[in-house]
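Just structure_9.txt here, compact mmCIF, C-alpha atoms:
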```
# COMPACT_ATOMS: atom_id res chain seq x y z
CA MET A 1 158.74 14.30 -35.77
CA ARG A 2 160.23 16.60 -33.15
CA PHE A 3 163.87 16.51 -32.11
CA HIS A 4 165.42 17.52 -28.79
CA TRP A 5 169.03 17.57 -27.60
CA SER A 6 170.52 17.21 -24.12
CA ILE A 7 172.92 19.92 -22.98
CA PRO A 8 175.98 18.26 -21.38
CA GLY A 9 176.55 19.03 -17.73
CA SER A 10 180.31 19.15 -18.22
CA ASN A 11 182.80 19.80 -21.03
CA VAL A 12 180.81 19.94 -24.28
CA ARG A 13 183.87 18.90 -26.26
CA ASP A 14 184.35 15.68 -24.27
CA PRO A 15 182.82 12.66 -26.06
CA LEU A 16 183.61 10.44 -23.07
CA ARG A 17 181.24 11.94 -20.53
CA GLY A 18 179.51 9.18 -18.67
CA SER A 19 182.84 7.42 -18.22
CA HIS A 20 183.82 9.97 -15.57
CA ASP A 21 182.81 9.80 -11.91
CA ARG A 22 179.90 12.18 -11.26
CA ASP A 23 181.47 13.29 -7.99
CA HIS A 24 184.24 15.00 -9.97
CA VAL A 25 182.07 16.82 -12.54
CA ASN A 26 182.09 20.64 -12.52
CA PRO A 27 178.86 21.61 -14.35
CA VAL A 28 179.89 25.22 -14.99
CA GLU A 29 183.41 24.63 -16.31
CA ASP A 30 182.28 24.96 -19.94
CA ILE A 31 179.32 27.34 -19.97
CA ASP A 32 180.70 28.98 -23.12
CA GLY A 33 180.68 25.60 -24.89
CA GLN A 34 177.15 24.90 -23.67
CA LEU A 35 176.00 28.29 -24.96
CA GLU A 36 177.66 27.58 -28.32
CA LEU A 37 175.69 24.33 -28.52
CA CYS A 38 172.46 26.21 -27.72
CA LYS A 39 173.11 28.63 -30.58
CA LEU A 40 173.83 25.78 -33.00
CA ALA A 41 170.55 24.13 -31.99
CA ASP A 42 168.71 27.44 -32.33
CA GLU A 43 169.99 27.90 -35.87
CA GLY A 44 169.75 24.25 -36.90
CA GLY A 45 166.10 23.47 -36.21
CA ILE A 46 166.25 21.52 -32.93
CA ASP A 47 162.93 21.85 -31.10
CA SER A 48 164.21 22.05 -27.53
CA LEU A 49 167.27 21.55 -25.34
CA LEU A 50 167.13 19.44 -22.20
CA LEU A 51 168.70 20.88 -19.07
CA PRO A 52 168.98 17.89 -16.70
CA THR A 53 168.95 18.09 -12.92
CA GLY A 54 171.03 16.52 -10.17
CA TYR A 55 173.77 17.35 -7.70
CA GLN A 56 176.33 17.22 -10.52
CA ARG A 57 174.30 19.66 -12.64
CA ALA A 58 173.81 23.41 -12.58
CA ASP A 59 170.32 24.67 -11.75
CA PRO A 60 168.18 24.11 -14.89
CA ILE A 61 165.84 27.06 -14.31
CA ALA A 62 168.74 29.48 -14.00
CA MET A 63 170.46 28.02 -17.06
CA ALA A 64 167.26 28.21 -19.14
CA THR A 65 166.98 31.91 -18.29
CA TYR A 66 170.61 32.54 -19.25
CA PHE A 67 170.59 30.51 -22.47
CA GLY A 68 167.15 31.77 -23.42
CA GLY A 69 168.41 35.34 -23.45
CA ALA A 70 171.08 34.43 -26.00
CA THR A 71 168.84 32.52 -28.43
CA ARG A 72 165.70 33.33 -30.38
CA ARG A 73 163.74 30.19 -31.25
CA VAL A 74 164.80 27.00 -29.46
CA LYS A 75 162.95 25.98 -26.29
CA TYR A 76 164.48 24.79 -23.02
CA MET A 77 163.26 21.59 -21.39
CA VAL A 78 164.04 21.98 -17.68
CA ALA A 79 164.23 18.81 -15.62
CA ILE A 80 162.22 18.94 -12.40
CA ARG A 81 162.09 16.59 -9.43
CA PRO A 82 158.91 17.31 -7.46
CA GLY A 83 160.62 16.45 -4.19
CA THR A 84 163.04 19.37 -4.39
CA ILE A 85 160.68 22.34 -4.78
CA SER A 86 157.16 23.44 -3.90
CA PRO A 87 154.58 23.37 -6.72
CA THR A 88 153.64 27.02 -6.19
CA LEU A 89 157.25 28.17 -6.42
CA LEU A 90 157.87 26.03 -9.50
CA VAL A 91 154.89 27.51 -11.34
CA THR A 92 156.15 31.00 -10.44
CA GLN A 93 159.62 30.23 -11.77
CA VAL A 94 158.44 28.54 -14.97
CA ASN A 95 155.94 31.31 -15.73
CA THR A 96 158.66 33.90 -15.18
CA VAL A 97 161.05 32.17 -17.59
CA ALA A 98 158.20 31.98 -20.11
CA ALA A 99 157.61 35.72 -19.74
CA VAL A 100 161.24 36.64 -20.48
CA THR A 101 161.82 34.08 -23.28
CA GLY A 102 158.57 34.26 -25.21
CA GLY A 103 157.21 31.02 -23.76
CA ARG A 104 160.29 28.96 -24.63
CA ILE A 105 160.22 26.58 -21.68
CA THR A 106 158.97 23.02 -21.27
CA ILE A 107 159.35 20.58 -18.36
CA ASN A 108 160.95 17.16 -18.10
CA VAL A 109 159.49 15.45 -15.02
CA VAL A 110 161.90 13.00 -13.36
CA ALA A 111 161.42 11.04 -10.15
CA GLY A 112 165.11 10.56 -9.31
CA HIS A 113 167.03 7.41 -10.14
CA ASN A 114 168.03 6.48 -6.58
CA SER A 115 167.00 7.25 -3.02
CA THR A 116 170.53 8.06 -1.87
CA GLU A 117 170.79 11.15 -4.06
CA MET A 118 167.26 12.27 -3.21
CA ARG A 119 168.27 12.36 0.45
CA PHE A 120 170.76 15.11 -0.51
CA TYR A 121 167.67 17.29 -0.91
CA GLY A 122 165.88 16.10 2.20
CA ASP A 123 163.65 13.70 0.27
CA PHE A 124 163.33 10.33 2.05
CA LEU A 125 160.42 8.83 0.13
CA SER A 126 160.64 5.49 -1.65
CA HIS A 127 160.49 5.13 -5.45
CA ASP A 128 156.73 4.43 -5.49
CA GLU A 129 156.02 7.16 -2.94
CA ARG A 130 157.87 9.65 -5.12
CA PHE A 131 155.45 8.88 -7.95
CA GLN A 132 152.48 9.29 -5.59
CA ARG A 133 153.81 12.71 -4.58
CA SER A 134 154.36 13.54 -8.25
CA ASP A 135 150.66 12.89 -8.87
CA GLU A 136 149.71 15.36 -6.14
CA PHE A 137 152.39 17.87 -7.21
CA TRP A 138 151.19 18.12 -10.80
CA SER A 139 147.57 18.25 -9.74
CA ILE A 140 148.43 21.43 -7.83
CA CYS A 141 150.49 22.87 -10.71
CA HIS A 142 147.72 22.28 -13.24
CA ALA A 143 145.23 24.00 -10.95
CA LEU A 144 147.56 27.01 -10.68
CA TRP A 145 148.04 27.14 -14.45
CA ARG A 146 144.28 27.08 -14.95
CA ALA A 147 144.19 30.24 -12.79
CA GLU A 148 140.62 29.64 -11.70
CA GLY A 149 141.19 31.18 -8.26
CA PRO A 150 143.06 30.34 -5.05
CA VAL A 151 144.03 26.66 -4.93
CA ASP A 152 143.35 24.44 -1.94
CA PHE A 153 144.75 20.92 -2.06
CA HIS A 154 145.01 18.40 0.75
CA GLY A 155 146.77 15.21 -0.33
CA SER A 156 148.50 12.52 1.66
CA LEU A 157 151.95 13.97 0.88
CA LEU A 158 151.37 17.58 -0.24
CA GLN A 159 149.11 20.38 0.90
CA VAL A 160 148.56 23.99 -0.15
CA GLU A 161 145.96 26.48 1.04
CA GLY A 162 144.83 29.52 -0.92
CA ALA A 163 147.75 29.16 -3.35
CA ARG A 164 147.94 31.56 -6.27
CA VAL A 165 150.49 32.83 -8.78
CA ASN A 166 150.03 36.28 -10.32
CA THR A 167 152.60 35.80 -13.10
CA PRO A 168 150.76 34.14 -16.01
CA PHE A 169 152.27 31.57 -18.34
CA LEU A 170 152.58 33.27 -21.73
CA GLY A 171 153.23 30.57 -24.30
CA GLU A 172 153.16 30.34 -28.07
CA ASN A 173 149.81 29.84 -29.78
CA GLY A 174 147.99 30.88 -26.62
CA ARG A 175 149.31 28.09 -24.40
CA THR A 176 148.57 28.69 -20.72
CA ARG A 177 150.96 26.06 -19.36
CA PRO A 178 154.22 24.44 -20.50
CA GLU A 179 154.40 21.07 -22.22
CA LEU A 180 155.16 18.29 -19.72
CA TYR A 181 157.46 15.42 -20.68
CA PHE A 182 157.28 12.63 -18.12
CA GLY A 183 160.53 10.67 -18.02
CA GLY A 184 160.70 7.00 -17.11
CA SER A 185 160.30 3.46 -18.35
CA SER A 186 158.08 2.11 -15.58
CA ASP A 187 154.31 1.68 -15.62
CA LEU A 188 154.13 4.42 -12.98
CA ALA A 189 155.86 6.85 -15.34
CA SER A 190 153.38 5.97 -18.08
CA ASP A 191 150.50 6.52 -15.66
CA MET A 192 151.80 10.00 -14.83
CA ALA A 193 152.27 10.90 -18.51
CA ILE A 194 148.73 9.77 -19.30
CA LYS A 195 147.16 11.64 -16.40
CA HIS A 196 149.21 14.84 -16.28
CA GLY A 197 151.53 15.10 -19.26
CA ASP A 198 151.82 15.66 -22.97
CA CYS A 199 154.49 13.07 -23.73
CA LEU A 200 156.10 9.98 -22.20
CA LEU A 201 159.87 10.25 -22.68
CA ARG A 202 161.69 7.00 -21.99
CA LEU A 203 165.05 5.39 -22.66
CA GLY A 204 165.32 3.76 -26.05
CA ASP A 205 165.12 0.05 -26.78
CA THR A 206 164.23 -2.19 -29.71
CA PRO A 207 160.90 -1.43 -31.41
CA ASP A 208 159.45 -4.83 -30.52
CA ARG A 209 160.31 -4.50 -26.83
CA ILE A 210 158.86 -1.04 -26.34
CA ARG A 211 155.84 -1.19 -28.63
CA PRO A 212 153.31 -2.57 -26.06
CA GLY A 213 154.15 0.00 -23.38
CA LEU A 214 154.12 2.88 -25.82
CA GLN A 215 150.81 1.79 -27.29
CA ARG A 216 149.09 2.14 -23.92
CA VAL A 217 150.15 5.80 -23.85
CA LEU A 218 149.39 6.41 -27.51
CA ASP A 219 145.88 5.02 -27.07
CA THR A 220 145.10 7.92 -24.71
CA GLY A 221 146.13 10.51 -27.29
CA LYS A 222 149.45 11.38 -25.65
CA ALA A 223 152.77 11.48 -27.51
CA THR A 224 155.76 9.21 -26.93
CA GLY A 225 159.47 9.94 -27.20
CA LEU A 226 162.74 8.02 -26.94
CA LEU A 227 166.19 8.93 -25.69
CA PHE A 228 169.32 7.77 -27.53
CA SER A 229 172.94 8.69 -28.04
CA MET A 230 173.72 9.68 -31.60
CA ILE A 231 176.79 8.41 -33.46
CA VAL A 232 176.50 9.54 -37.07
CA ARG A 233 179.29 9.77 -39.64
CA PRO A 234 179.35 9.94 -43.45
CA THR A 235 179.49 6.12 -43.60
CA ARG A 236 178.35 3.33 -41.30
CA ALA A 237 181.92 2.02 -41.10
CA GLU A 238 183.21 5.39 -39.90
CA ALA A 239 180.47 5.60 -37.25
CA ILE A 240 181.27 2.12 -35.92
CA GLU A 241 184.98 2.89 -35.93
CA TRP A 242 184.32 6.04 -33.88
CA GLY A 243 182.20 4.11 -31.39
CA HIS A 244 184.89 1.48 -30.85
CA ALA A 245 187.50 4.21 -30.44
CA MET A 246 185.45 5.70 -27.61
CA MET A 247 185.21 2.28 -25.95
CA GLU A 248 188.99 1.98 -26.01
CA ARG A 249 189.50 5.49 -24.66
CA ALA A 250 187.02 4.97 -21.81
CA GLY A 251 188.69 1.68 -20.93
CA GLN A 252 188.60 -0.03 -17.57
CA ALA A 253 188.25 3.28 -15.72
CA GLY A 254 184.93 3.86 -17.46
CA ARG A 255 183.74 0.34 -16.66
CA ASP A 256 184.62 0.85 -13.00
CA VAL A 257 182.57 4.07 -12.91
CA GLN A 258 179.59 2.33 -14.49
CA ASP A 259 179.84 -0.70 -12.20
CA ARG A 260 179.41 1.63 -9.24
CA PHE A 261 176.64 3.66 -10.87
CA ARG A 262 174.76 0.54 -11.93
CA GLU A 263 174.70 -0.63 -8.31
CA GLN A 264 173.33 2.77 -7.21
CA SER A 265 170.61 2.85 -9.89
CA LYS A 266 168.71 -0.37 -9.26
CA GLU A 267 165.52 1.54 -8.34
CA SER A 268 165.28 2.93 -11.88
CA VAL A 269 163.39 0.57 -14.18
CA GLY A 270 164.78 2.30 -17.26
CA PHE A 271 168.40 2.33 -16.12
CA ALA A 272 168.25 -1.29 -14.92
CA SER A 273 166.74 -2.59 -18.17
CA THR A 274 169.17 -0.61 -20.32
CA TYR A 275 172.16 -1.82 -18.33
CA ALA A 276 170.88 -5.37 -18.85
CA LEU A 277 170.70 -4.69 -22.58
CA GLY A 278 174.32 -3.55 -22.53
CA TYR A 279 175.65 -6.71 -20.90
CA LYS A 280 174.18 -9.19 -23.37
CA GLU A 281 176.40 -11.26 -25.62
CA SER A 282 175.56 -9.24 -28.75
CA ASP A 283 176.10 -5.47 -29.00
CA TRP A 284 173.57 -5.25 -31.85
CA PRO A 285 169.92 -5.81 -30.85
CA GLU A 286 169.07 -4.07 -34.15
CA PRO A 287 171.33 -3.19 -37.10
CA PHE A 288 170.96 0.51 -36.21
CA LEU A 289 171.05 0.12 -32.40
CA TRP A 290 174.39 -0.35 -30.61
CA THR A 291 174.82 -1.19 -26.92
CA GLY A 292 178.62 -1.37 -26.89
CA LEU A 293 179.19 1.82 -24.92
CA ILE A 294 176.74 1.05 -22.10
CA PRO A 295 179.26 -0.79 -19.87
CA TYR A 296 181.66 2.15 -20.28
CA MET A 297 179.38 5.21 -20.31
CA GLY A 298 176.06 4.07 -18.90
CA PRO A 299 172.43 3.75 -20.05
CA LEU A 300 172.36 7.13 -21.78
CA SER A 301 174.96 5.85 -24.27
CA LEU A 302 172.60 3.40 -25.98
CA ALA A 303 173.22 4.60 -29.52
CA LEU A 304 171.59 5.02 -32.87
CA ILE A 305 174.60 4.55 -35.12
CA GLY A 306 175.41 4.77 -38.80
CA SER A 307 175.38 7.08 -41.82
CA PRO A 308 172.76 9.84 -42.21
CA ASP A 309 170.61 7.51 -44.30
CA ASP A 310 170.96 4.75 -41.69
CA ILE A 311 169.83 7.13 -38.95
CA VAL A 312 166.83 8.29 -40.98
CA ASP A 313 165.80 4.67 -41.63
CA ALA A 314 166.05 4.00 -37.88
CA LEU A 315 163.95 7.03 -36.99
CA PHE A 316 161.19 5.98 -39.36
CA THR A 317 161.30 2.46 -37.95
CA TYR A 318 160.31 3.98 -34.60
CA ARG A 319 157.90 6.40 -36.24
CA ARG A 320 155.93 3.45 -37.59
CA ILE A 321 155.19 2.29 -34.02
CA GLY A 322 153.99 5.76 -33.03
CA VAL A 323 157.14 7.48 -31.73
CA THR A 324 157.11 11.14 -32.76
CA GLN A 325 159.74 12.69 -30.48
CA PHE A 326 163.43 11.95 -29.95
CA LEU A 327 165.96 13.23 -27.42
CA PHE A 328 169.63 12.85 -28.34
CA HIS A 329 173.05 13.00 -26.73
CA GLY A 330 175.86 13.63 -29.19
CA ARG A 331 179.22 11.84 -29.32
CA PRO A 332 180.61 14.55 -29.30
CA ASP A 333 177.93 17.23 -29.25
CA LEU A 334 179.58 20.19 -30.96
CA GLU A 335 180.28 18.04 -34.02
CA THR A 336 177.23 15.78 -33.93
CA LEU A 337 174.44 18.33 -33.46
CA PRO A 338 175.25 20.51 -36.49
CA TYR A 339 175.96 17.41 -38.60
CA PHE A 340 172.55 16.03 -37.60
CA CYS A 341 170.90 19.33 -38.51
CA GLN A 342 172.68 19.53 -41.87
CA GLU A 343 172.56 15.90 -43.00
CA VAL A 344 169.87 13.99 -41.08
CA LEU A 345 167.13 16.54 -40.42
CA PRO A 346 166.63 17.56 -44.08
CA ARG A 347 166.33 13.89 -45.06
CA VAL A 348 163.69 13.38 -42.37
CA ARG A 349 161.69 16.39 -43.51
CA ALA A 350 161.89 15.25 -47.12
CA ARG A 351 160.49 11.83 -46.23
CA GLU A 352 157.77 13.41 -44.14
CA ARG A 353 156.76 15.56 -47.10
CA ASP A 354 156.52 12.38 -49.14
CA HIS A 355 154.32 10.84 -46.40
CA GLU A 356 156.69 7.91 -46.09
CA LEU A 357 155.39 6.30 -42.91
CA VAL A 358 154.98 2.72 -44.18
```
For the structure just supplied, provide its representation as structure tokens.
Amino acid sequence: MRFHWSIPGSNVRDPLRGSHDRDHVNPVEDIDGQLELCKLADEGGIDSLLLPTGYQRADPIAMATYFGGATRRVKYMVAIRPGTISPTLLVTQVNTVAAVTGGRITINVVAGHNSTEMRFYGDFLSHDERFQRSDEFWSICHALWRAEGPVDFHGSLLQVEGARVNTPFLGENGRTRPELYFGGSSDLASDMAIKHGDCLLRLGDTPDRIRPGLQRVLDTGKATGLLFSMIVRPTRAEAIEWGHAMMERAGQAGRDVQDRFREQSKESVGFASTYALGYKESDWPEPFLWTGLIPYMGPLSLALIGSPDDIVDALFTYRRIGVTQFLFHGRPDLETLPYFCQEVLPRVRARERDHELV
């Protein structure tokens, strides 16, 4: 299994992010804390660090270059929306970061969760049209990474003529392009991952609910990954106590923020389905899966919760249905990430050595 971590776009020490209005987030107020988290991940065995994108985020390409210069091993998963950049320029930027970091860059492809924000960037396409453009965008990028000569492409939404990039992608083990993680819970996202990507990365859910959709991707030989928050403490009782304390601290102000964000995010299949999961009568769709924070901190707060052994059992539950990659948010990150690396990751590796997949 491979493990990734999301770099917060605000104060790394704040466990309540998600309960704050995005309009008031300053993404560069705690760069030192973000860099500290990168170093902890680098030392602890995390595979890559996600640098999300959006108006409330710093530029992920620039941040990957900065953080990459201060670390030695960990990769940086930069989030890209095809509607905000040309494919030729993106390949140039990604290949350049690869050249200065030893190939330590991957890509998280996101379509944008609502049309209103996409219009900030001059993108007025609908949800389905954005996926159509994504298909054309990555067709161009793959042609440039193959470096078979000048690229001509004439699609319904994108065109390039004679495109070329002289900076090669220099990756580990001879890779000539970055790994592509397609984000999304819709059938369209799965289609893109199957056609253009290496992994479908979607919001978490119960194993029974997500198994059919994941299997379609797995049957094509592509990997699948899930995104969760992580609440891990020495005992299950302590983890649950911490989660309820965050609910109380977020309070009605957090619910008000999420009520507004939920209304803005109806185009996103993943966000809509996860919100629905968070407003059910029970907060426990599985013994290890807690939805209690969703009404206060949003879809990204769907949590794996418990002791280190509980978390390991949960991970192997998903591993048995074919999930091999996980992306986590910590609650809070500077405490949770090193604790995960010290207490959870060695247990996972020990079970893997024992071939415990059944």
Selected residue, from A:Val217, A:Ala223, A:Thr235, A:Met246, that lies nearest to A:Asp198 when counting all atoms listed in the file: A:Ala223
Among listed residues A:Val232, A:Ala79, A:Ala62, A:Val165, nearest A:Val109 (using all atoms listed in the file): A:Ala79
Which of A:His127, A:Lys39, A:Arg73, A:Arg177 sits closest to A:Ala98 [using only C-alpha atoms]: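 Closest candidate: A:Arg177.
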Taking 5 positions as the minimum chain separation for residues in the same chain, which residues sit within 7 Å of A:Ile80 when counting all atoms listed in the file? Answer as a short mmCIF file (atom, residue, chain, number, x, y, z; two decimals) with C-alpha atoms, in the coordinates of the input.
```cif
data_model
loop_
_atom_site.label_atom_id
_atom_site.label_comp_id
_atom_site.auth_asym_id
_atom_site.auth_seq_id
_atom_site.Cartn_x
_atom_site.Cartn_y
_atom_site.Cartn_z
CA THR A 53 168.95 18.09 -12.92
CA ILE A 107 159.35 20.58 -18.36
CA ASN A 108 160.95 17.16 -18.10
CA VAL A 109 159.49 15.45 -15.02
CA VAL A 110 161.90 13.00 -13.36
#
```
Test item: which residues lie within 12 Å of (163.0, 36.2, -22.3) counting only C-alpha atoms, as a PyMOL selection string: chain A and resi 64-76+94-105+170-171
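Coordinates place atom CA of A:Arg331 at a distance of 9.0 Å from atom CA of A:Trp242.
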Which residues of stretch 227-343 of chain A come within 12 Å of stretch 25-34 of chain A, and for each one, what is the closest pair of atoms and their distance in Å to one decimal, counting all atoms listed in the file, sorted by chain and residue number, as a tab-separated table?
```
residue	atom	partner	partner_atom	distance
A:Pro332	CA	A:Gly33	CA	11.9
A:Asp333	CA	A:Gln34	CA	9.5
A:Leu334	CA	A:Gly33	CA	8.2
A:Glu335	CA	A:Gly33	CA	11.9
```
Counting only C-alpha atoms, the residue of A:Ala111, A:Ile311, A:Leu277, A:Leu200 that sits nearest A:Arg81: A:Ala111
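For the residues A:Leu300, A:Met1, A:Ala245, A:Val151, ranking by smallest atom-to-atom distance to A:Leu345 using all atoms listed in the file places A:Met1 first.
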Please, can stretch 1-11 of chain A be completed to all heavy atoms and returned as a compact mmCIF listing (two decimals), keeping the file's coordinate frame?
```
# COMPACT_ATOMS: atom_id res chain seq x y z
N MET A 1 157.93 14.68 -36.93
CA MET A 1 158.74 14.30 -35.77
C MET A 1 159.40 15.54 -35.17
O MET A 1 159.75 16.47 -35.88
CB MET A 1 159.80 13.27 -36.17
CG MET A 1 159.23 11.89 -36.41
SD MET A 1 160.51 10.65 -36.76
CE MET A 1 160.67 10.84 -38.54
N ARG A 2 159.57 15.51 -33.86
CA ARG A 2 160.23 16.60 -33.15
C ARG A 2 161.51 16.07 -32.53
O ARG A 2 161.56 14.95 -32.02
CB ARG A 2 159.30 17.18 -32.08
CG ARG A 2 158.03 17.80 -32.65
CD ARG A 2 157.04 18.15 -31.56
NE ARG A 2 157.56 19.18 -30.67
CZ ARG A 2 156.91 19.59 -29.57
NH1 ARG A 2 155.74 19.06 -29.25
NH2 ARG A 2 157.43 20.52 -28.81
N PHE A 3 162.54 16.94 -32.54
CA PHE A 3 163.87 16.51 -32.11
C PHE A 3 164.40 17.43 -31.02
O PHE A 3 164.34 18.67 -31.14
CB PHE A 3 164.83 16.48 -33.29
CG PHE A 3 164.40 15.49 -34.35
CD1 PHE A 3 163.77 15.92 -35.50
CD2 PHE A 3 164.61 14.14 -34.17
CE1 PHE A 3 163.36 15.02 -36.47
CE2 PHE A 3 164.19 13.22 -35.12
CZ PHE A 3 163.58 13.65 -36.28
N HIS A 4 164.89 16.81 -29.95
CA HIS A 4 165.42 17.52 -28.79
C HIS A 4 166.87 17.07 -28.57
O HIS A 4 167.27 15.99 -29.00
CB HIS A 4 164.57 17.22 -27.56
CG HIS A 4 163.10 17.27 -27.81
ND1 HIS A 4 162.37 18.44 -27.82
CD2 HIS A 4 162.19 16.28 -28.09
CE1 HIS A 4 161.10 18.18 -28.07
NE2 HIS A 4 160.97 16.87 -28.25
N TRP A 5 167.62 17.89 -27.86
CA TRP A 5 169.03 17.57 -27.60
C TRP A 5 169.32 17.86 -26.13
O TRP A 5 168.82 18.83 -25.57
CB TRP A 5 169.95 18.41 -28.48
CG TRP A 5 171.22 17.70 -28.85
CD1 TRP A 5 172.37 17.65 -28.12
CD2 TRP A 5 171.45 16.94 -30.04
NE1 TRP A 5 173.31 16.90 -28.79
CE2 TRP A 5 172.77 16.46 -29.97
CE3 TRP A 5 170.67 16.62 -31.15
CZ2 TRP A 5 173.35 15.67 -30.97
CZ3 TRP A 5 171.22 15.84 -32.15
CH2 TRP A 5 172.54 15.37 -32.05
N SER A 6 170.15 17.02 -25.53
CA SER A 6 170.52 17.21 -24.12
C SER A 6 171.80 18.04 -24.02
O SER A 6 172.80 17.74 -24.68
CB SER A 6 170.73 15.86 -23.45
OG SER A 6 171.03 16.03 -22.07
N ILE A 7 171.74 19.10 -23.22
CA ILE A 7 172.92 19.92 -22.98
C ILE A 7 173.83 19.19 -21.99
O ILE A 7 173.40 18.85 -20.88
CB ILE A 7 172.53 21.29 -22.41
CG1 ILE A 7 171.69 22.06 -23.41
CG2 ILE A 7 173.77 22.09 -22.02
CD1 ILE A 7 172.44 22.49 -24.64
N PRO A 8 175.08 18.95 -22.33
CA PRO A 8 175.98 18.26 -21.38
C PRO A 8 176.16 19.08 -20.11
O PRO A 8 176.17 20.31 -20.14
CB PRO A 8 177.30 18.16 -22.16
CG PRO A 8 176.93 18.35 -23.58
CD PRO A 8 175.74 19.26 -23.59
N GLY A 9 176.32 18.36 -19.00
CA GLY A 9 176.55 19.03 -17.73
C GLY A 9 178.01 19.18 -17.42
O GLY A 9 178.39 19.45 -16.28
N SER A 10 178.87 19.02 -18.43
CA SER A 10 180.31 19.15 -18.22
C SER A 10 180.90 19.70 -19.52
O SER A 10 180.26 20.47 -20.23
CB SER A 10 180.92 17.80 -17.84
OG SER A 10 180.62 16.81 -18.81
N ASN A 11 182.11 19.29 -19.85
CA ASN A 11 182.80 19.80 -21.03
C ASN A 11 182.09 19.33 -22.30
O ASN A 11 182.02 18.13 -22.58
CB ASN A 11 184.25 19.32 -21.02
CG ASN A 11 185.10 19.98 -22.09
OD1 ASN A 11 184.59 20.41 -23.12
ND2 ASN A 11 186.38 20.08 -21.84
```
